[in-house]
>>> print(open('upload_4.pdb').read())   # PDB, C-alpha atoms
ATOM      1  CA  MET A   1       1.623  15.221   8.100
ATOM      2  CA  THR A   2      -2.090  15.495   8.451
ATOM      3  CA  GLN A   3      -3.199  12.174   9.925
ATOM      4  CA  SER A   4      -3.755  12.848  13.616
ATOM      5  CA  ALA A   5      -6.242  10.207  14.689
ATOM      6  CA  ALA A   6      -5.868   8.970  18.253
ATOM      7  CA  GLU A   7      -6.649   5.429  17.115
ATOM      8  CA  PRO A   8      -4.044   3.630  15.001
ATOM      9  CA  THR A   9      -5.116   2.921  11.434
ATOM     10  CA  LEU A  10      -5.776  -0.622  10.231
ATOM     11  CA  PHE A  11      -2.422  -0.635   8.443
ATOM     12  CA  GLU A  12      -0.549   0.649  11.507
ATOM     13  CA  ARG A  13      -2.102  -2.223  13.468
ATOM     14  CA  ILE A  14      -0.954  -4.700  10.813
ATOM     15  CA  ALA A  15       2.575  -3.222  10.928
ATOM     16  CA  ALA A  16       2.532  -3.567  14.727
ATOM     17  CA  ARG A  17       1.434  -7.221  14.310
ATOM     18  CA  GLU A  18      -1.813  -6.562  16.181
ATOM     19  CA  ILE A  19      -3.803  -7.795  13.174
ATOM     20  CA  PRO A  20      -2.554 -10.826  11.249
ATOM     21  CA  ALA A  21      -1.599 -10.452   7.606
ATOM     22  CA  GLN A  22       0.396 -12.409   5.072
ATOM     23  CA  ILE A  23       3.428 -10.109   4.913
ATOM     24  CA  VAL A  24       5.524 -10.362   1.758
ATOM     25  CA  ALA A  25       8.022  -7.504   2.174
ATOM     26  CA  GLU A  26       9.132  -5.049   4.833
ATOM     27  CA  THR A  27      11.658  -2.262   5.334
ATOM     28  CA  ASP A  28      12.149   0.063   8.283
ATOM     29  CA  ARG A  29       9.378   2.345   6.998
ATOM     30  CA  VAL A  30       7.262   0.269   4.584
ATOM     31  CA  ILE A  31       5.277  -2.955   4.898
ATOM     32  CA  ALA A  32       3.600  -5.040   2.186
ATOM     33  CA  PHE A  33       1.023  -7.781   2.562
ATOM     34  CA  HIS A  34      -1.475  -9.733   0.473
ATOM     35  CA  ASP A  35      -4.863  -8.051   0.068
ATOM     36  CA  ILE A  36      -7.625  -9.986   1.847
ATOM     37  CA  ALA A  37      -9.959  -9.524  -1.151
ATOM     38  CA  PRO A  38      -7.672  -9.853  -4.194
ATOM     39  CA  LYS A  39      -8.742  -8.374  -7.517
ATOM     40  CA  ALA A  40      -5.871  -9.941  -9.518
ATOM     41  CA  PRO A  41      -3.700 -13.081  -9.336
ATOM     42  CA  VAL A  42      -1.146 -10.977  -7.432
ATOM     43  CA  HIS A  43      -2.702  -8.262  -5.246
ATOM     44  CA  VAL A  44      -0.483  -6.838  -2.546
ATOM     45  CA  ILE A  45      -0.937  -3.713  -0.415
ATOM     46  CA  VAL A  46       2.208  -1.597   0.056
ATOM     47  CA  THR A  47       2.008   1.095   2.716
ATOM     48  CA  PRO A  48       4.138   3.149   5.083
ATOM     49  CA  LYS A  49       4.119   1.683   8.577
ATOM     50  CA  GLN A  50       3.061   5.046  10.010
ATOM     51  CA  GLY A  51      -0.267   6.620   9.040
ATOM     52  CA  ASP A  52       1.075  10.160   8.735
ATOM     53  CA  TYR A  53      -0.361  10.693   5.234
ATOM     54  CA  ARG A  54      -3.931  10.067   4.107
ATOM     55  CA  ASP A  55      -3.221   9.673   0.392
ATOM     56  CA  VAL A  56      -0.511   9.638  -2.253
ATOM     57  CA  ALA A  57      -0.787  13.374  -2.944
ATOM     58  CA  GLU A  58      -0.044  14.177   0.711
ATOM     59  CA  LEU A  59       2.813  11.659   0.723
ATOM     60  CA  ALA A  60       4.365  13.065  -2.464
ATOM     61  CA  GLU A  61       4.290  16.557  -1.005
ATOM     62  CA  GLY A  62       5.356  15.618   2.522
ATOM     63  CA  ASP A  63       7.934  12.851   2.036
ATOM     64  CA  PRO A  64       8.909  12.113  -1.581
ATOM     65  CA  ASP A  65      11.702   9.801  -0.414
ATOM     66  CA  LEU A  66       9.162   7.597   1.371
ATOM     67  CA  LEU A  67       7.031   7.529  -1.784
ATOM     68  CA  ALA A  68      10.093   6.430  -3.780
ATOM     69  CA  GLU A  69      10.763   3.697  -1.214
ATOM     70  CA  LEU A  70       7.170   2.508  -1.460
ATOM     71  CA  VAL A  71       7.469   2.281  -5.265
ATOM     72  CA  ALA A  72      10.786   0.406  -4.960
ATOM     73  CA  VAL A  73       9.188  -2.138  -2.614
ATOM     74  CA  ALA A  74       6.296  -2.549  -5.074
ATOM     75  CA  ARG A  75       8.750  -3.190  -7.898
ATOM     76  CA  GLY A  76      10.546  -5.839  -5.845
ATOM     77  CA  ILE A  77       7.259  -7.569  -5.058
ATOM     78  CA  ALA A  78       6.358  -7.710  -8.748
ATOM     79  CA  ALA A  79       9.787  -9.184  -9.502
ATOM     80  CA  ASP A  80       9.374 -11.796  -6.755
ATOM     81  CA  LEU A  81       5.723 -12.760  -7.225
ATOM     82  CA  ALA A  82       5.059 -12.115 -10.907
ATOM     83  CA  ASP A  83       6.996 -11.529 -14.104
ATOM     84  CA  GLY A  84       8.125  -8.051 -13.039
ATOM     85  CA  ASP A  85       5.263  -6.320 -14.841
ATOM     86  CA  PHE A  86       2.708  -4.700 -12.560
ATOM     87  CA  ARG A  87       0.115  -2.015 -12.006
ATOM     88  CA  LEU A  88       0.534   0.314  -9.068
ATOM     89  CA  VAL A  89      -2.805   1.831  -8.051
ATOM     90  CA  PHE A  90      -3.356   4.550  -5.455
ATOM     91  CA  ASN A  91      -6.991   5.356  -4.669
ATOM     92  CA  THR A  92      -7.208   8.956  -3.484
ATOM     93  CA  GLY A  93     -10.466   9.928  -1.807
ATOM     94  CA  ALA A  94     -13.690   8.092  -1.087
ATOM     95  CA  GLY A  95     -15.057   8.903  -4.535
ATOM     96  CA  ALA A  96     -12.102   7.037  -6.063
ATOM     97  CA  GLY A  97     -12.598   3.963  -3.907
ATOM     98  CA  GLN A  98     -10.274   4.741  -1.006
ATOM     99  CA  THR A  99     -11.635   3.072   2.132
ATOM    100  CA  VAL A 100      -8.587   3.191   4.439
ATOM    101  CA  PHE A 101      -7.309   6.754   4.816
ATOM    102  CA  HIS A 102      -3.681   5.767   5.353
ATOM    103  CA  VAL A 103      -1.798   6.087   2.068
ATOM    104  CA  HIS A 104      -1.327   2.734   0.370
ATOM    105  CA  ALA A 105      -0.745   1.300  -3.063
ATOM    106  CA  HIS A 106      -2.189  -1.815  -4.649
ATOM    107  CA  VAL A 107       0.350  -3.911  -6.570
ATOM    108  CA  LEU A 108      -1.634  -5.813  -9.201
ATOM    109  CA  ALA A 109       0.062  -8.368 -11.425
ATOM    110  CA  GLY A 110      -0.219 -11.770 -12.988
ATOM    111  CA  GLY A 111      -1.380 -11.847 -16.576
ATOM    112  CA  LEU A 112      -3.404  -8.648 -16.580
ATOM    113  CA  GLU A 113      -4.563  -7.210 -19.887
ATOM    114  CA  GLU A 114      -5.395  -3.652 -20.908
ATOM    115  CA  GLY A 115      -8.902  -2.826 -19.735
ATOM    116  CA  SER A 116      -9.026  -5.540 -17.092
ATOM    117  CA  LEU A 117     -10.056  -4.502 -13.588
ATOM    118  CA  ALA A 118     -11.987  -1.555 -15.008
ATOM    119  CA  GLY A 119     -14.947  -0.312 -13.098
TER     120      GLY A 119
END
>>> encode(input="upload_4.pdb", output="structure tokens")
Amino acid sequence: MTQSAAEPTLFERIAAREIPAQIVAETDRVIAFHDIAPKAPVHVIVTPKQGDYRDVAELAEGDPDLLAELVAVARGIAADLADGDFRLVFNTGAGAGQTVFHVHAHVLAGGLEEGSLAG
């Protein structure tokens, strides 16, 4: 666990209901909500409620069971909101587009084609 910021992350504040979000799924350790700037017909953020890990590599090393739970929640969202097919995108590092340094995945679905969302 490397995240040690005194201030809660944006996603921790959403999980604590301090910031409103359109929540679509939740477990004891994971929360999922619609992205405020969707890039696909279905675009949902899935994240641990606690900001203990900055990115997916840290999460995989530190708590693989939590990573598996996050993927299971993503799969359920795709089944509920789309046809079950989905992309699961983790941005790792600023150079890859990560802007919130609290591990999270983007569930993208809804008629996507190969090569869409590139760039």
>>> resolve_selection(input="upload_4.pdb", expression="the PyMOL selection byres ((chain A and resi 27-40) around 9)", output="VMD selection string")
chain A and resid 11 14 to 15 21 to 26 41 to 50 66 69 to 70 73 to 74 77 106 108 to 112 117
>>> write_last_selection(input="upload_4.pdb", atoms="C-alpha atoms", output="short mmCIF file (atom, residue, chain, number, x, y, z; two decimals), in the coordinates of the input")
data_model
loop_
_atom_site.label_atom_id
_atom_site.label_comp_id
_atom_site.auth_asym_id
_atom_site.auth_seq_id
_atom_site.Cartn_x
_atom_site.Cartn_y
_atom_site.Cartn_z
CA PHE A 11 -2.42 -0.64 8.44
CA ILE A 14 -0.95 -4.70 10.81
CA ALA A 15 2.58 -3.22 10.93
CA ALA A 21 -1.60 -10.45 7.61
CA GLN A 22 0.40 -12.41 5.07
CA ILE A 23 3.43 -10.11 4.91
CA VAL A 24 5.52 -10.36 1.76
CA ALA A 25 8.02 -7.50 2.17
CA GLU A 26 9.13 -5.05 4.83
CA PRO A 41 -3.70 -13.08 -9.34
CA VAL A 42 -1.15 -10.98 -7.43
CA HIS A 43 -2.70 -8.26 -5.25
CA VAL A 44 -0.48 -6.84 -2.55
CA ILE A 45 -0.94 -3.71 -0.42
CA VAL A 46 2.21 -1.60 0.06
CA THR A 47 2.01 1.10 2.72
CA PRO A 48 4.14 3.15 5.08
CA LYS A 49 4.12 1.68 8.58
CA GLN A 50 3.06 5.05 10.01
CA LEU A 66 9.16 7.60 1.37
CA GLU A 69 10.76 3.70 -1.21
CA LEU A 70 7.17 2.51 -1.46
CA VAL A 73 9.19 -2.14 -2.61
CA ALA A 74 6.30 -2.55 -5.07
CA ILE A 77 7.26 -7.57 -5.06
CA HIS A 106 -2.19 -1.82 -4.65
CA LEU A 108 -1.63 -5.81 -9.20
CA ALA A 109 0.06 -8.37 -11.42
CA GLY A 110 -0.22 -11.77 -12.99
CA GLY A 111 -1.38 -11.85 -16.58
CA LEU A 112 -3.40 -8.65 -16.58
CA LEU A 117 -10.06 -4.50 -13.59
#
>>> axis_aligned_box(input="upload_4.pdb", around="region 60-68 of chain A", padding_each_side="8 Å", output="lines of an AutoDock Vina configuration file")
center_x = 8.0
center_y = 11.5
center_z = -0.6
size_x = 23.4
size_y = 26.1
size_z = 22.3
>>> residues_around(input="upload_4.pdb", residues="region 58-61 of chain A", least_positions_apart="5", cutoff="8 Å", atoms="all atoms listed in the file", output="PyMOL selection string")
chain A and resi 1+53+66-67+103
>>> write_last_selection(input="upload_4.pdb", atoms="C-alpha atoms", output="mmCIF file, in the coordinates of the input")
data_model
loop_
_atom_site.group_PDB
_atom_site.id
_atom_site.type_symbol
_atom_site.label_atom_id
_atom_site.label_comp_id
_atom_site.auth_asym_id
_atom_site.auth_seq_id
_atom_site.Cartn_x
_atom_site.Cartn_y
_atom_site.Cartn_z
ATOM 1 C CA MET A 1 1.623 15.221 8.100
ATOM 2 C CA TYR A 53 -0.361 10.693 5.234
ATOM 3 C CA LEU A 66 9.162 7.597 1.371
ATOM 4 C CA LEU A 67 7.031 7.529 -1.784
ATOM 5 C CA VAL A 103 -1.798 6.087 2.068
#
>>> residues_near_point(input="upload_4.pdb", point="(-5.6, 5.4, -7.1)", cutoff="10 Å", atoms="all atoms listed in the file", output="list in words")
Asp55, Val56, Leu88, Val89, Phe90, Asn91, Thr92, Gly93, Ala96, Gly97, Gln98, Val103, His104, Ala105 and His106 of chain A
>>> closest_residue(input="upload_4.pdb", among="A:Asp83, A:Val107, A:Asp65, A:Phe101", to="Glu12 (chain A)", atoms="all atoms listed in the file")
A:Phe101
>>> atom_distance(input="upload_4.pdb", atom1="CA of Gly51 (chain A)", atom2="CA of Val100 (chain A)")
10.1 Å
>>> atom_distance(input="upload_4.pdb", atom1="CA of Leu10 (chain A)", atom2="CA of His102 (chain A)")
8.3 Å
>>> atom_distance(input="upload_4.pdb", atom1="CA of Arg54 (chain A)", atom2="CA of Gly95 (chain A)")
14.1 Å
>>> build_atoms(input="upload_4.pdb", residues="region 34-54 of chain A", atoms="N, CA and C atoms", output="short mmCIF file (atom, residue, chain, number, x, y, z; two decimals), in the frame of the given file")
data_model
loop_
_atom_site.label_atom_id
_atom_site.label_comp_id
_atom_site.auth_asym_id
_atom_site.auth_seq_id
_atom_site.Cartn_x
_atom_site.Cartn_y
_atom_site.Cartn_z
N HIS A 34 -0.43 -9.34 1.42
CA HIS A 34 -1.48 -9.73 0.47
C HIS A 34 -2.81 -9.10 0.86
N ASP A 35 -3.53 -8.61 -0.14
CA ASP A 35 -4.86 -8.05 0.07
C ASP A 35 -5.81 -9.19 0.46
N ILE A 36 -6.71 -8.93 1.40
CA ILE A 36 -7.62 -9.99 1.85
C ILE A 36 -8.75 -10.25 0.84
N ALA A 37 -8.95 -9.34 -0.10
CA ALA A 37 -9.96 -9.52 -1.15
C ALA A 37 -9.31 -9.23 -2.51
N PRO A 38 -8.45 -10.14 -2.98
CA PRO A 38 -7.67 -9.85 -4.19
C PRO A 38 -8.53 -9.64 -5.44
N LYS A 39 -8.08 -8.70 -6.26
CA LYS A 39 -8.74 -8.37 -7.52
C LYS A 39 -7.90 -8.81 -8.71
N ALA A 40 -6.78 -9.47 -8.46
CA ALA A 40 -5.87 -9.94 -9.52
C ALA A 40 -5.11 -11.14 -8.96
N PRO A 41 -4.47 -11.94 -9.83
CA PRO A 41 -3.70 -13.08 -9.34
C PRO A 41 -2.66 -12.69 -8.28
N VAL A 42 -2.02 -11.56 -8.46
CA VAL A 42 -1.15 -10.98 -7.43
C VAL A 42 -1.78 -9.65 -7.03
N HIS A 43 -2.11 -9.51 -5.76
CA HIS A 43 -2.70 -8.26 -5.25
C HIS A 43 -2.14 -8.04 -3.85
N VAL A 44 -1.19 -7.12 -3.78
CA VAL A 44 -0.48 -6.84 -2.55
C VAL A 44 -0.65 -5.36 -2.20
N ILE A 45 -0.88 -5.08 -0.93
CA ILE A 45 -0.94 -3.71 -0.42
C ILE A 45 0.47 -3.32 0.04
N VAL A 46 0.92 -2.14 -0.38
CA VAL A 46 2.21 -1.60 0.06
C VAL A 46 1.91 -0.26 0.71
N THR A 47 2.37 -0.09 1.95
CA THR A 47 2.01 1.10 2.72
C THR A 47 3.11 1.48 3.69
N PRO A 48 3.24 2.77 3.99
CA PRO A 48 4.14 3.15 5.08
C PRO A 48 3.62 2.55 6.39
N LYS A 49 4.53 2.24 7.29
CA LYS A 49 4.12 1.68 8.58
C LYS A 49 3.39 2.71 9.43
N GLN A 50 3.71 3.97 9.26
CA GLN A 50 3.06 5.05 10.01
C GLN A 50 1.98 5.70 9.15
N GLY A 51 0.86 6.04 9.76
CA GLY A 51 -0.27 6.62 9.04
C GLY A 51 -0.24 8.14 8.99
N ASP A 52 0.92 8.70 8.73
CA ASP A 52 1.08 10.16 8.74
C ASP A 52 0.41 10.85 7.54
N TYR A 53 0.19 10.11 6.46
CA TYR A 53 -0.36 10.69 5.23
C TYR A 53 -1.61 9.93 4.83
N ARG A 54 -2.65 10.68 4.49
CA ARG A 54 -3.93 10.07 4.11
C ARG A 54 -3.90 9.48 2.71
#
